[in-house]
>>> print(open('input-v6.cif').read())   # mmCIF, C-alpha atoms
data_upload
loop_
_atom_site.label_atom_id
_atom_site.label_comp_id
_atom_site.auth_asym_id
_atom_site.auth_seq_id
_atom_site.Cartn_x
_atom_site.Cartn_y
_atom_site.Cartn_z
CA MET M 366 16.27 158.37 55.63
CA ALA M 367 15.10 159.30 59.16
CA MET M 368 11.33 159.45 59.66
CA THR M 369 11.62 163.12 60.58
CA ASP M 370 13.33 164.18 57.34
CA PRO M 371 11.17 166.52 55.27
CA PRO M 372 9.96 165.01 51.98
CA ARG M 373 12.55 165.40 49.23
CA PRO M 374 11.45 168.06 46.76
CA SER M 375 10.56 166.54 43.39
CA GLY M 376 11.20 168.67 40.33
CA PRO M 377 10.50 172.39 40.05
CA SER M 378 8.85 173.22 43.39
CA GLN M 379 10.25 176.58 44.53
CA ARG M 380 9.04 179.98 43.30
CA ALA M 381 11.65 182.44 42.01
CA ILE M 382 12.01 185.07 39.28
CA PRO M 383 14.59 183.78 36.75
CA GLU M 384 17.22 186.20 35.45
CA GLY M 385 15.79 188.32 32.63
CA ASP M 386 12.21 187.38 33.44
CA ASP M 387 9.51 189.55 35.02
CA ARG M 388 7.47 187.04 37.02
CA GLU M 389 7.85 184.08 39.36
CA ARG M 390 8.31 180.61 37.88
CA LEU M 391 8.74 177.22 39.54
CA VAL M 392 12.43 176.23 39.69
CA CYS M 393 14.12 173.03 40.80
CA VAL M 394 16.45 173.62 43.76
CA GLU M 395 18.43 170.52 42.82
CA CYS M 396 19.37 171.30 39.22
CA GLY M 397 18.21 174.84 38.47
CA PHE M 398 15.63 173.79 35.84
CA VAL M 399 13.04 176.54 35.26
CA LEU M 400 9.50 175.37 34.54
CA TYR M 401 7.82 177.80 32.12
CA ASP M 402 4.36 176.54 32.88
CA ASN M 403 1.71 177.64 30.43
CA PRO M 404 -2.05 177.58 30.09
CA LYS M 405 -3.40 174.36 28.63
CA ILE M 406 -5.58 173.88 25.57
CA VAL M 407 -8.62 171.63 25.92
CA VAL M 408 -10.13 170.41 22.65
CA GLY M 409 -13.51 168.75 22.41
CA SER M 410 -16.68 168.38 20.42
CA VAL M 411 -20.44 168.48 20.47
CA ALA M 412 -21.04 165.53 18.13
CA ARG M 413 -24.44 164.86 16.57
CA TRP M 414 -26.05 161.68 15.25
CA GLY M 415 -29.30 162.87 13.69
CA ASP M 416 -30.93 164.92 16.44
CA LYS M 417 -28.99 163.21 19.23
CA ILE M 418 -25.85 164.37 21.03
CA LEU M 419 -22.93 162.18 22.15
CA LEU M 420 -22.17 162.26 25.89
CA CYS M 421 -19.74 160.22 28.02
CA ARG M 422 -20.10 159.27 31.70
CA ARG M 423 -16.75 159.87 33.37
CA ALA M 424 -14.84 156.89 34.79
CA ILE M 425 -12.20 159.14 36.35
CA ASN M 426 -12.06 161.98 38.80
CA PRO M 427 -12.80 164.84 38.96
CA ARG M 428 -16.57 164.31 38.68
CA ARG M 429 -16.53 160.54 38.23
CA GLY M 430 -20.02 159.29 37.28
CA PHE M 431 -21.11 162.60 35.75
CA TRP M 432 -21.73 163.21 32.05
CA THR M 433 -19.41 165.20 29.81
CA LEU M 434 -18.54 165.89 26.18
CA PRO M 435 -15.56 164.06 24.66
CA ALA M 436 -12.72 166.50 25.36
CA GLY M 437 -9.21 166.63 26.75
CA TYR M 438 -5.78 168.23 26.52
CA LEU M 439 -4.28 168.94 23.12
CA GLU M 440 -1.04 166.98 22.65
CA LEU M 441 2.26 168.26 21.25
CA ASN M 442 2.41 168.55 17.44
CA GLU M 443 -1.34 168.06 17.10
CA THR M 444 -3.86 170.33 15.38
CA THR M 445 -6.92 171.31 17.39
CA ARG M 446 -9.23 169.40 15.01
CA ALA M 447 -7.07 166.28 15.19
CA GLY M 448 -7.09 166.57 18.98
CA ALA M 449 -10.90 166.78 19.10
CA GLU M 450 -11.08 163.69 16.85
CA ARG M 451 -8.59 161.80 19.02
CA GLU M 452 -10.47 162.58 22.24
CA ALA M 453 -13.79 161.39 20.73
CA TRP M 454 -12.08 158.14 19.76
CA GLU M 455 -10.34 157.66 23.13
CA GLU M 456 -13.41 158.38 25.25
CA ALA M 457 -16.27 157.12 23.08
CA ARG M 458 -14.75 155.10 20.20
CA ALA M 459 -16.51 157.68 18.01
CA LYS M 460 -15.42 158.74 14.52
CA LEU M 461 -16.11 162.41 13.79
CA ALA M 462 -16.54 164.68 10.82
CA ILE M 463 -15.50 167.98 12.38
CA GLU M 464 -17.47 171.04 11.25
CA THR M 465 -17.07 174.62 12.54
CA LEU M 466 -15.78 175.94 15.86
CA LEU M 467 -18.73 176.10 18.27
CA ALA M 468 -17.06 178.04 21.08
CA ILE M 469 -13.93 179.26 22.80
CA TYR M 470 -14.16 179.26 26.57
CA ASP M 471 -11.60 181.03 28.77
CA ILE M 472 -11.20 179.32 32.16
CA PRO M 473 -8.45 181.51 33.68
CA ARG M 474 -8.93 180.03 37.18
CA LEU M 475 -7.71 176.71 35.77
CA SER M 476 -5.40 178.32 33.16
CA GLN M 477 -7.39 176.62 30.43
CA VAL M 478 -8.61 177.65 27.01
CA GLN M 479 -11.26 175.29 25.65
CA LEU M 480 -11.85 174.98 21.90
CA ILE M 481 -15.09 173.08 21.25
CA TYR M 482 -15.98 172.05 17.70
CA ARG M 483 -19.32 171.10 16.20
CA ALA M 484 -19.12 167.64 14.64
CA ARG M 485 -21.18 164.94 12.98
CA LEU M 486 -20.73 161.28 13.89
CA ILE M 487 -19.69 159.16 10.89
CA ASP M 488 -21.78 156.29 12.27
CA ASP M 489 -23.49 155.40 15.53
CA ASN M 490 -20.94 152.79 16.59
CA VAL M 491 -19.90 154.29 19.92
CA ALA M 492 -18.58 152.52 23.01
CA ALA M 493 -16.99 153.48 26.31
CA GLY M 494 -13.22 154.00 26.14
CA PRO M 495 -10.99 153.54 29.23
CA GLU M 496 -11.93 156.94 30.71
CA SER M 497 -15.70 156.44 30.34
CA LEU M 498 -18.15 154.30 32.34
CA GLU M 499 -20.65 154.42 29.48
CA VAL M 500 -21.47 156.58 26.48
CA GLY M 501 -24.81 157.50 24.96
CA LEU M 502 -26.68 159.43 22.28
CA PHE M 503 -29.25 161.77 23.81
CA GLY M 504 -32.11 163.84 22.40
CA TRP M 505 -32.41 167.31 23.92
CA ASP M 506 -35.13 166.19 26.34
CA GLU M 507 -33.17 163.06 27.31
CA ILE M 508 -29.95 164.81 28.39
CA PRO M 509 -29.23 164.20 32.10
CA TRP M 510 -29.07 167.94 32.85
CA ASN M 511 -28.70 167.40 36.60
CA GLU M 512 -25.73 165.06 36.17
CA ILE M 513 -23.51 167.18 33.93
CA ALA M 514 -19.85 167.19 34.99
CA PHE M 515 -18.74 170.80 34.39
CA PRO M 516 -20.26 174.25 33.77
CA SER M 517 -18.55 174.47 30.36
CA VAL M 518 -20.42 171.30 29.26
CA HIS M 519 -23.68 173.11 30.08
CA TRP M 520 -22.44 176.13 28.10
CA ALA M 521 -21.49 174.08 25.04
CA LEU M 522 -24.79 172.17 24.98
CA GLY M 523 -26.69 175.45 25.31
CA HIS M 524 -24.62 177.03 22.54
CA GLU M 525 -25.19 174.02 20.23
CA LYS M 526 -28.92 174.29 20.86
CA ASP M 527 -28.71 177.99 20.02
CA VAL M 528 -26.81 177.31 16.78
CA GLN M 529 -29.48 174.79 15.76
CA ALA M 530 -32.27 177.27 16.59
CA THR M 531 -30.76 180.34 14.89
CA GLY M 532 -28.43 178.98 12.20
CA ASP M 533 -25.84 181.51 13.41
CA LEU M 534 -22.49 179.70 13.22
CA ALA M 535 -20.34 182.45 14.80
CA PRO M 536 -18.32 180.88 17.64
CA ARG M 537 -19.63 181.58 21.11
CA GLY M 538 -17.60 182.56 24.17
CA ASN M 539 -18.10 182.37 27.94
CA PRO M 540 -21.67 183.25 28.92
CA PRO M 541 -21.98 186.39 31.07
CA PRO M 542 -21.66 185.61 34.79
CA GLU M 543 -25.01 184.53 36.19
CA THR M 544 -26.86 187.03 38.35
CA SER M 545 -29.36 185.77 40.85
CA PRO M 546 -32.18 188.01 42.14
CA SER M 547 -30.21 188.50 45.37
CA THR M 548 -27.09 189.63 43.52
CA PRO M 549 -26.93 193.40 43.09
CA VAL M 550 -26.48 194.35 39.45
CA ALA M 551 -23.57 196.69 38.82
CA PRO M 552 -24.62 200.16 37.60
CA PRO M 553 -23.93 200.96 33.94
CA GLY M 554 -20.29 201.73 33.27
CA LEU M 555 -18.95 199.43 35.99
CA MET H 1012 34.64 168.42 38.77
CA ALA H 1013 37.14 166.95 36.30
CA MET H 1014 37.28 168.61 32.88
CA THR H 1015 36.29 165.31 31.28
CA ASP H 1016 33.05 164.89 33.25
CA PRO H 1017 29.99 164.97 31.02
CA PRO H 1018 27.79 168.06 31.48
CA ARG H 1019 25.36 167.62 34.38
CA PRO H 1020 21.81 167.11 33.08
CA SER H 1021 19.56 170.03 33.98
CA GLY H 1022 15.91 169.25 34.65
CA PRO H 1023 13.75 166.84 32.68
CA SER H 1024 16.04 165.76 29.84
CA GLN H 1025 15.49 162.02 29.35
CA ARG H 1026 12.60 160.46 27.38
CA ALA H 1027 10.54 157.75 29.11
CA ILE H 1028 6.91 156.58 29.31
CA PRO H 1029 5.67 157.27 32.86
CA GLU H 1030 3.62 154.59 34.62
CA GLY H 1031 -0.02 154.74 33.51
CA ASP H 1032 0.76 156.96 30.53
CA ASP H 1033 0.75 156.01 26.86
CA ARG H 1034 3.50 158.20 25.39
CA GLU H 1035 7.02 159.39 26.08
CA ARG H 1036 7.54 162.43 28.32
CA LEU H 1037 10.71 164.20 29.45
CA VAL H 1038 11.71 163.05 32.96
CA CYS H 1039 14.44 164.27 35.31
CA VAL H 1040 16.94 161.50 36.10
CA GLU H 1041 17.87 163.28 39.34
CA CYS H 1042 14.49 163.59 41.03
CA GLY H 1043 11.96 161.71 38.89
CA PHE H 1044 9.96 164.84 37.96
CA VAL H 1045 7.81 164.24 34.83
CA LEU H 1046 7.40 167.20 32.48
CA TYR H 1047 3.93 167.08 30.91
CA ASP H 1048 4.82 169.51 28.18
CA ASN H 1049 1.87 170.94 26.32
CA PRO H 1050 1.18 172.98 23.22
CA LYS H 1051 1.37 176.73 23.79
CA ILE H 1052 -1.26 179.36 23.14
CA VAL H 1053 -0.20 182.50 21.29
CA VAL H 1054 -2.57 185.46 21.58
CA GLY H 1055 -2.35 188.54 19.39
CA SER H 1056 -4.24 191.16 17.48
CA VAL H 1057 -4.70 192.96 14.22
CA ALA H 1058 -5.30 196.43 15.64
CA ARG H 1059 -6.71 199.28 13.52
CA TRP H 1060 -6.46 203.04 13.82
CA GLY H 1061 -8.77 204.34 11.11
CA ASP H 1062 -7.62 202.52 7.98
CA LYS H 1063 -4.15 201.82 9.34
CA ILE H 1064 -2.80 198.63 10.97
CA LEU H 1065 -0.41 198.45 13.92
CA LEU H 1066 2.85 196.58 13.28
CA CYS H 1067 5.99 196.13 15.43
CA ARG H 1068 9.57 195.63 14.22
CA ARG H 1069 11.10 192.84 16.28
CA ALA H 1070 14.03 193.67 18.59
CA ILE H 1071 14.58 190.00 19.46
CA ASN H 1072 15.25 186.77 17.65
CA PRO H 1073 13.87 184.87 15.86
CA ARG H 1074 13.48 187.27 12.93
CA ARG H 1075 14.97 190.37 14.57
CA GLY H 1076 14.36 193.44 12.38
CA PHE H 1077 11.26 192.01 10.70
CA TRP H 1078 7.71 193.25 11.18
CA THR H 1079 5.08 191.42 13.18
CA LEU H 1080 1.73 191.82 14.88
CA PRO H 1081 1.70 192.33 18.67
CA ALA H 1082 1.39 188.75 19.93
CA GLY H 1083 2.94 186.37 22.43
CA TYR H 1084 2.36 183.50 24.83
CA LEU H 1085 -0.74 183.50 26.99
CA GLU H 1086 0.19 183.58 30.68
CA LEU H 1087 -1.26 181.47 33.50
CA ASN H 1088 -4.65 182.62 34.82
CA GLU H 1089 -5.13 185.01 31.91
CA THR H 1090 -8.04 185.16 29.46
CA THR H 1091 -7.17 185.18 25.77
CA ARG H 1092 -8.52 188.72 25.32
CA ALA H 1093 -6.56 190.00 28.33
CA GLY H 1094 -3.46 188.32 26.90
CA ALA H 1095 -3.90 190.02 23.52
CA GLU H 1096 -4.31 193.38 25.31
CA ARG H 1097 -1.19 192.77 27.44
CA GLU H 1098 0.95 191.87 24.43
CA ALA H 1099 -0.15 195.03 22.56
CA TRP H 1100 0.83 197.07 25.61
CA GLU H 1101 4.17 195.29 26.13
CA GLU H 1102 5.27 195.44 22.49
CA ALA H 1103 3.70 198.69 21.26
CA ARG H 1104 2.41 200.60 24.32
CA ALA H 1105 -0.95 200.32 22.57
CA LYS H 1106 -4.34 200.28 24.30
CA LEU H 1107 -6.88 198.05 22.54
CA ALA H 1108 -10.63 197.65 22.33
CA ILE H 1109 -10.81 193.96 21.42
CA GLU H 1110 -13.54 193.01 18.94
CA THR H 1111 -14.17 189.54 17.46
CA LEU H 1112 -11.83 186.60 16.92
CA LEU H 1113 -10.19 187.03 13.51
CA ALA H 1114 -8.56 183.61 13.24
CA ILE H 1115 -7.31 180.42 14.88
CA TYR H 1116 -4.10 179.10 13.38
CA ASP H 1117 -2.80 175.60 14.16
CA ILE H 1118 1.01 175.41 13.99
CA PRO H 1119 1.54 171.75 14.99
CA ARG H 1120 5.22 171.80 13.94
CA LEU H 1121 5.81 174.32 16.75
CA SER H 1122 3.05 172.90 19.01
CA GLN H 1123 1.33 176.29 18.89
CA VAL H 1124 -2.26 177.41 18.61
CA GLN H 1125 -2.57 181.08 17.70
CA LEU H 1126 -5.70 183.06 18.59
CA ILE H 1127 -5.70 186.41 16.75
CA TYR H 1128 -8.32 189.01 17.61
CA ARG H 1129 -9.52 192.00 15.63
CA ALA H 1130 -9.12 195.18 17.67
CA ARG H 1131 -9.46 198.94 17.49
CA LEU H 1132 -6.79 201.20 18.98
CA ILE H 1133 -8.17 203.47 21.73
CA ASP H 1134 -5.81 206.23 20.57
CA ASP H 1135 -2.77 206.53 18.32
CA ASN H 1136 -0.24 206.87 21.15
CA VAL H 1137 1.98 203.92 20.32
CA ALA H 1138 5.67 203.43 21.08
CA ALA H 1139 8.21 200.63 20.96
CA GLY H 1140 8.25 198.39 24.05
CA PRO H 1141 11.38 196.46 25.08
CA GLU H 1142 10.85 193.72 22.46
CA SER H 1143 10.35 196.15 19.54
CA LEU H 1144 12.85 198.27 17.59
CA GLU H 1145 10.03 200.51 16.37
CA VAL H 1146 6.27 200.41 15.86
CA GLY H 1147 4.12 201.96 13.18
CA LEU H 1148 0.65 202.42 11.74
CA PHE H 1149 0.47 201.30 8.11
CA GLY H 1150 -2.12 201.67 5.36
CA TRP H 1151 -2.58 198.54 3.24
CA ASP H 1152 -0.25 199.87 0.52
CA GLU H 1153 2.37 200.94 3.06
CA ILE H 1154 2.80 197.55 4.78
CA PRO H 1155 6.40 196.24 4.36
CA TRP H 1156 5.17 192.96 2.79
CA ASN H 1157 8.71 191.76 2.05
CA GLU H 1158 9.86 192.27 5.64
CA ILE H 1159 7.14 190.34 7.50
CA ALA H 1160 8.48 188.11 10.28
CA PHE H 1161 6.29 184.98 10.04
CA PRO H 1162 3.85 183.29 7.62
CA SER H 1163 1.01 183.57 10.15
CA VAL H 1164 1.44 187.38 10.15
CA HIS H 1165 0.85 187.30 6.38
CA TRP H 1166 -2.20 185.09 6.95
CA ALA H 1167 -3.70 187.38 9.61
CA LEU H 1168 -3.18 190.54 7.53
CA GLY H 1169 -4.78 188.81 4.53
CA HIS H 1170 -7.69 187.63 6.64
CA GLU H 1171 -8.22 191.11 8.11
CA LYS H 1172 -8.29 192.55 4.58
CA ASP H 1173 -10.83 189.88 3.63
CA VAL H 1174 -13.03 190.70 6.64
CA GLN H 1175 -12.96 194.38 5.66
CA ALA H 1176 -13.83 193.53 2.04
CA THR H 1177 -16.64 191.05 2.74
CA GLY H 1178 -17.99 191.97 6.18
CA ASP H 1179 -17.91 188.24 7.01
CA LEU H 1180 -16.77 188.04 10.64
CA ALA H 1181 -16.53 184.22 10.88
CA PRO H 1182 -13.08 183.35 12.24
CA ARG H 1183 -10.59 182.14 9.66
CA GLY H 1184 -8.20 179.19 9.96
CA ASN H 1185 -4.95 178.12 8.32
CA PRO H 1186 -4.96 178.84 4.59
CA PRO H 1187 -4.68 175.75 2.37
CA PRO H 1188 -1.04 174.74 1.74
CA GLU H 1189 0.40 176.68 -1.18
CA THR H 1190 0.99 174.77 -4.40
CA SER H 1191 3.63 176.02 -6.79
CA PRO H 1192 3.46 175.24 -10.54
CA SER H 1193 6.15 172.57 -10.07
CA THR H 1194 4.21 170.82 -7.30
CA PRO H 1195 1.98 168.06 -8.67
CA VAL H 1196 -1.62 168.62 -7.62
CA ALA H 1197 -3.20 165.60 -5.95
CA PRO H 1198 -6.07 164.07 -7.94
CA PRO H 1199 -9.58 164.56 -6.51
CA GLY H 1200 -10.28 162.37 -3.53
CA LEU H 1201 -6.70 162.31 -2.25
#
>>> encode(input="input-v6.cif", output="structure tokens")
Amino acid sequence: MAMTDPPRPSGPSQRAIPEGDDRERLVCVECGFVLYDNPKIVVGSVARWGDKILLCRRAINPRRGFWTLPAGYLELNETTRAGAEREAWEEARAKLAIETLLAIYDIPRLSQVQLIYRARLIDDNVAAGPESLEVGLFGWDEIPWNEIAFPSVHWALGHEKDVQATGDLAPRGNPPPETSPSTPVAPPGL
Amino acid sequence: MAMTDPPRPSGPSQRAIPEGDDRERLVCVECGFVLYDNPKIVVGSVARWGDKILLCRRAINPRRGFWTLPAGYLELNETTRAGAEREAWEEARAKLAIETLLAIYDIPRLSQVQLIYRARLIDDNVAAGPESLEVGLFGWDEIPWNEIAFPSVHWALGHEKDVQATGDLAPRGNPPPETSPSTPVAPPGL
């Protein structure tokens, strides 16, 4: 291949509206395959051991070195609870007793829906899996709040704290967008 | 092409474990594209107008001619509530005020997670969209129980009735598997 040849397209890489559809999808110019890409489901847990919470320090990007909850993509033919259990095992060698759904977070920018369960650790034998640098059990005042990997980890920890304070088990959703003092507040009705 | 040539493979159609992965994915033998197929999110609603429930008679397979709730696949960059609103518009020309989450159903056999919201209709102007033969508003004793399209539609209608009876808004999940008199019941602990 000459050095000036453009890179060969790999898989569905061109946007087109398939026949009978109403929006653009990625299609493969080589074989005509249409990729019906869909939002992804992230399953995870806020897992407790006594009054401590399980966190994992990420060994992979994005946000390598920052702390997160055990969570990841749901696999095919898996229930959401089984997925949350699997992720806790893969990332922290933790065995969970899943309880109620803590929260559903919509992350439309990333085409993600996150389902985060409350859980109890079966024992305190936890250890870093291949995607974690280290794992730990943290009291509320020990959590490394300034080294948290993602906003939704902040949300879930805050929502768990709220459940513990109020006893209200109704699942939470995205918090309202933050307003800073310099941000004008929309008038009522907008 | 000779009549005896095998059909040309279209898109990712061969199973293989990609480098660095731990399970089989579908890959394209022509260009090497790896399809990371994921479970799909179905969003829908049980929408009320007074004491009546909105149902749609399916114009498409599977289960053409049977009654269902307005529901369908979440699209990219869409929130789950916006998806439930869109589906109600597409299938029943219905405008919703979404309320709380009624239920999460895991359908691992189909690699689906269903998120069903409770909703109120803004008005009773409803009409069949392109995927519906007809739509209707049904009181509990008018629902065509023997012509319901899918088990999860039965579950959601039962759960809505239960919410109305008890006032308990906690989201429901899959009902326990049905046992018939001829099915041996597992002893306690199994």
>>> residues_around(input="input-v6.cif", residues="M:Glu464", least_positions_apart="6", cutoff="8 Å", atoms="all atoms listed in the file", output="VMD selection string")
chain M and resid 482 to 485
>>> resolve_selection(input="input-v6.cif", expression="the PyMOL selection byres ((chain H) within 8 of (chain M))", output="PyMOL selection string")
chain H and resi 1020-1023+1039+1042-1045+1048-1052+1085-1091+1117-1124+1180-1182
>>> atom_distance(input="input-v6.cif", atom1="atom CA of H:Gly1061", atom2="atom CA of H:Asp1152")
14.3 Å
>>> atom_distance(input="input-v6.cif", atom1="atom CA of H:Arg1097", atom2="atom CA of M:Glu389")
17.3 Å
>>> resolve_selection(input="input-v6.cif", expression="the PyMOL selection byres ((chain H and resi 1100-1105) around 7)", output="MDAnalysis selection string")
chainID H and resid 1067 1081 1096:1099 1106:1107 1132 1136:1143 1146
>>> write_last_selection(input="input-v6.cif", atoms="C-alpha atoms", output="CSV table (one decimal), in the coordinates of the input")
chain,number,residue,atom,x,y,z
H,1067,CYS,CA,6.0,196.1,15.4
H,1081,PRO,CA,1.7,192.3,18.7
H,1096,GLU,CA,-4.3,193.4,25.3
H,1097,ARG,CA,-1.2,192.8,27.4
H,1098,GLU,CA,1.0,191.9,24.4
H,1099,ALA,CA,-0.2,195.0,22.6
H,1106,LYS,CA,-4.3,200.3,24.3
H,1107,LEU,CA,-6.9,198.0,22.5
H,1132,LEU,CA,-6.8,201.2,19.0
H,1136,ASN,CA,-0.2,206.9,21.2
H,1137,VAL,CA,2.0,203.9,20.3
H,1138,ALA,CA,5.7,203.4,21.1
H,1139,ALA,CA,8.2,200.6,21.0
H,1140,GLY,CA,8.2,198.4,24.0
H,1141,PRO,CA,11.4,196.5,25.1
H,1142,GLU,CA,10.8,193.7,22.5
H,1143,SER,CA,10.4,196.2,19.5
H,1146,VAL,CA,6.3,200.4,15.9
>>> atom_distance(input="input-v6.cif", atom1="atom CA of H:Leu1113", atom2="atom CA of M:Ile481")
16.7 Å
>>> residues_near_point(input="input-v6.cif", point="(-17.8, 166.9, 35.6)", cutoff="6 Å", atoms="only C-alpha atoms", output="JSON, numbers by chain")
{"M": [428, 431, 513, 514, 515]}
>>> write_last_selection(input="input-v6.cif", atoms="C-alpha atoms", output="PDB file, keeping the file's coordinate frame")
ATOM      1  CA  ARG M 428     -16.570 164.310  38.680  1.00  0.00           C
ATOM      2  CA  PHE M 431     -21.110 162.600  35.750  1.00  0.00           C
ATOM      3  CA  ILE M 513     -23.510 167.180  33.930  1.00  0.00           C
ATOM      4  CA  ALA M 514     -19.850 167.190  34.990  1.00  0.00           C
ATOM      5  CA  PHE M 515     -18.740 170.800  34.390  1.00  0.00           C
TER       6      PHE M 515
END
>>> closest_residue(input="input-v6.cif", among="H:His1170, H:Arg1183, H:Leu1066, H:Ala1058", to="H:Ile1133", atoms="only C-alpha atoms")
H:Ala1058
>>> build_atoms(input="input-v6.cif", residues="stretch 1121-1128 of chain H", atoms="all heavy atoms", output="compact mmCIF listing (two decimals), keeping the file's coordinate frame")
# COMPACT_ATOMS: atom_id res chain seq x y z
N LEU H 1121 5.28 173.59 15.59
CA LEU H 1121 5.81 174.32 16.75
C LEU H 1121 4.96 174.05 18.00
O LEU H 1121 5.18 174.68 19.04
CB LEU H 1121 5.84 175.82 16.48
CG LEU H 1121 6.64 176.28 15.25
CD1 LEU H 1121 6.50 177.79 15.07
CD2 LEU H 1121 8.10 175.90 15.41
N SER H 1122 3.99 173.14 17.90
CA SER H 1122 3.05 172.90 19.01
C SER H 1122 2.45 174.21 19.52
O SER H 1122 2.45 174.52 20.71
CB SER H 1122 3.72 172.15 20.16
OG SER H 1122 4.00 170.81 19.79
N GLN H 1123 1.96 175.00 18.56
CA GLN H 1123 1.33 176.29 18.89
C GLN H 1123 -0.10 176.34 18.36
O GLN H 1123 -0.37 175.83 17.27
CB GLN H 1123 2.07 177.44 18.20
CG GLN H 1123 3.22 178.03 18.94
CD GLN H 1123 3.76 179.26 18.22
OE1 GLN H 1123 3.13 179.80 17.30
NE2 GLN H 1123 4.92 179.70 18.64
N VAL H 1124 -0.96 176.99 19.12
CA VAL H 1124 -2.26 177.41 18.61
C VAL H 1124 -2.31 178.92 18.76
O VAL H 1124 -2.09 179.45 19.86
CB VAL H 1124 -3.42 176.75 19.38
CG1 VAL H 1124 -4.76 177.27 18.88
CG2 VAL H 1124 -3.36 175.24 19.24
N GLN H 1125 -2.55 179.62 17.67
CA GLN H 1125 -2.57 181.08 17.70
C GLN H 1125 -4.02 181.56 17.64
O GLN H 1125 -4.78 181.16 16.76
CB GLN H 1125 -1.80 181.66 16.50
CG GLN H 1125 -0.34 181.24 16.47
CD GLN H 1125 0.45 182.04 15.44
OE1 GLN H 1125 -0.10 182.85 14.69
NE2 GLN H 1125 1.75 181.81 15.40
N LEU H 1126 -4.38 182.43 18.58
CA LEU H 1126 -5.70 183.06 18.59
C LEU H 1126 -5.50 184.55 18.34
O LEU H 1126 -4.92 185.26 19.18
CB LEU H 1126 -6.39 182.86 19.94
CG LEU H 1126 -6.58 181.40 20.38
CD1 LEU H 1126 -7.22 181.35 21.77
CD2 LEU H 1126 -7.46 180.66 19.39
N ILE H 1127 -5.93 185.02 17.16
CA ILE H 1127 -5.70 186.41 16.75
C ILE H 1127 -7.03 187.16 16.73
O ILE H 1127 -7.96 186.75 16.03
CB ILE H 1127 -5.04 186.48 15.35
CG1 ILE H 1127 -3.80 185.56 15.29
CG2 ILE H 1127 -4.67 187.92 15.01
CD1 ILE H 1127 -2.69 185.94 16.24
N TYR H 1128 -7.10 188.21 17.53
CA TYR H 1128 -8.32 189.01 17.61
C TYR H 1128 -8.25 190.23 16.69
O TYR H 1128 -7.15 190.76 16.45
CB TYR H 1128 -8.55 189.50 19.05
CG TYR H 1128 -9.06 188.42 19.97
CD1 TYR H 1128 -8.19 187.68 20.77
CD2 TYR H 1128 -10.42 188.13 20.03
CE1 TYR H 1128 -8.66 186.68 21.60
CE2 TYR H 1128 -10.89 187.13 20.87
CZ TYR H 1128 -10.02 186.42 21.64
OH TYR H 1128 -10.49 185.43 22.46
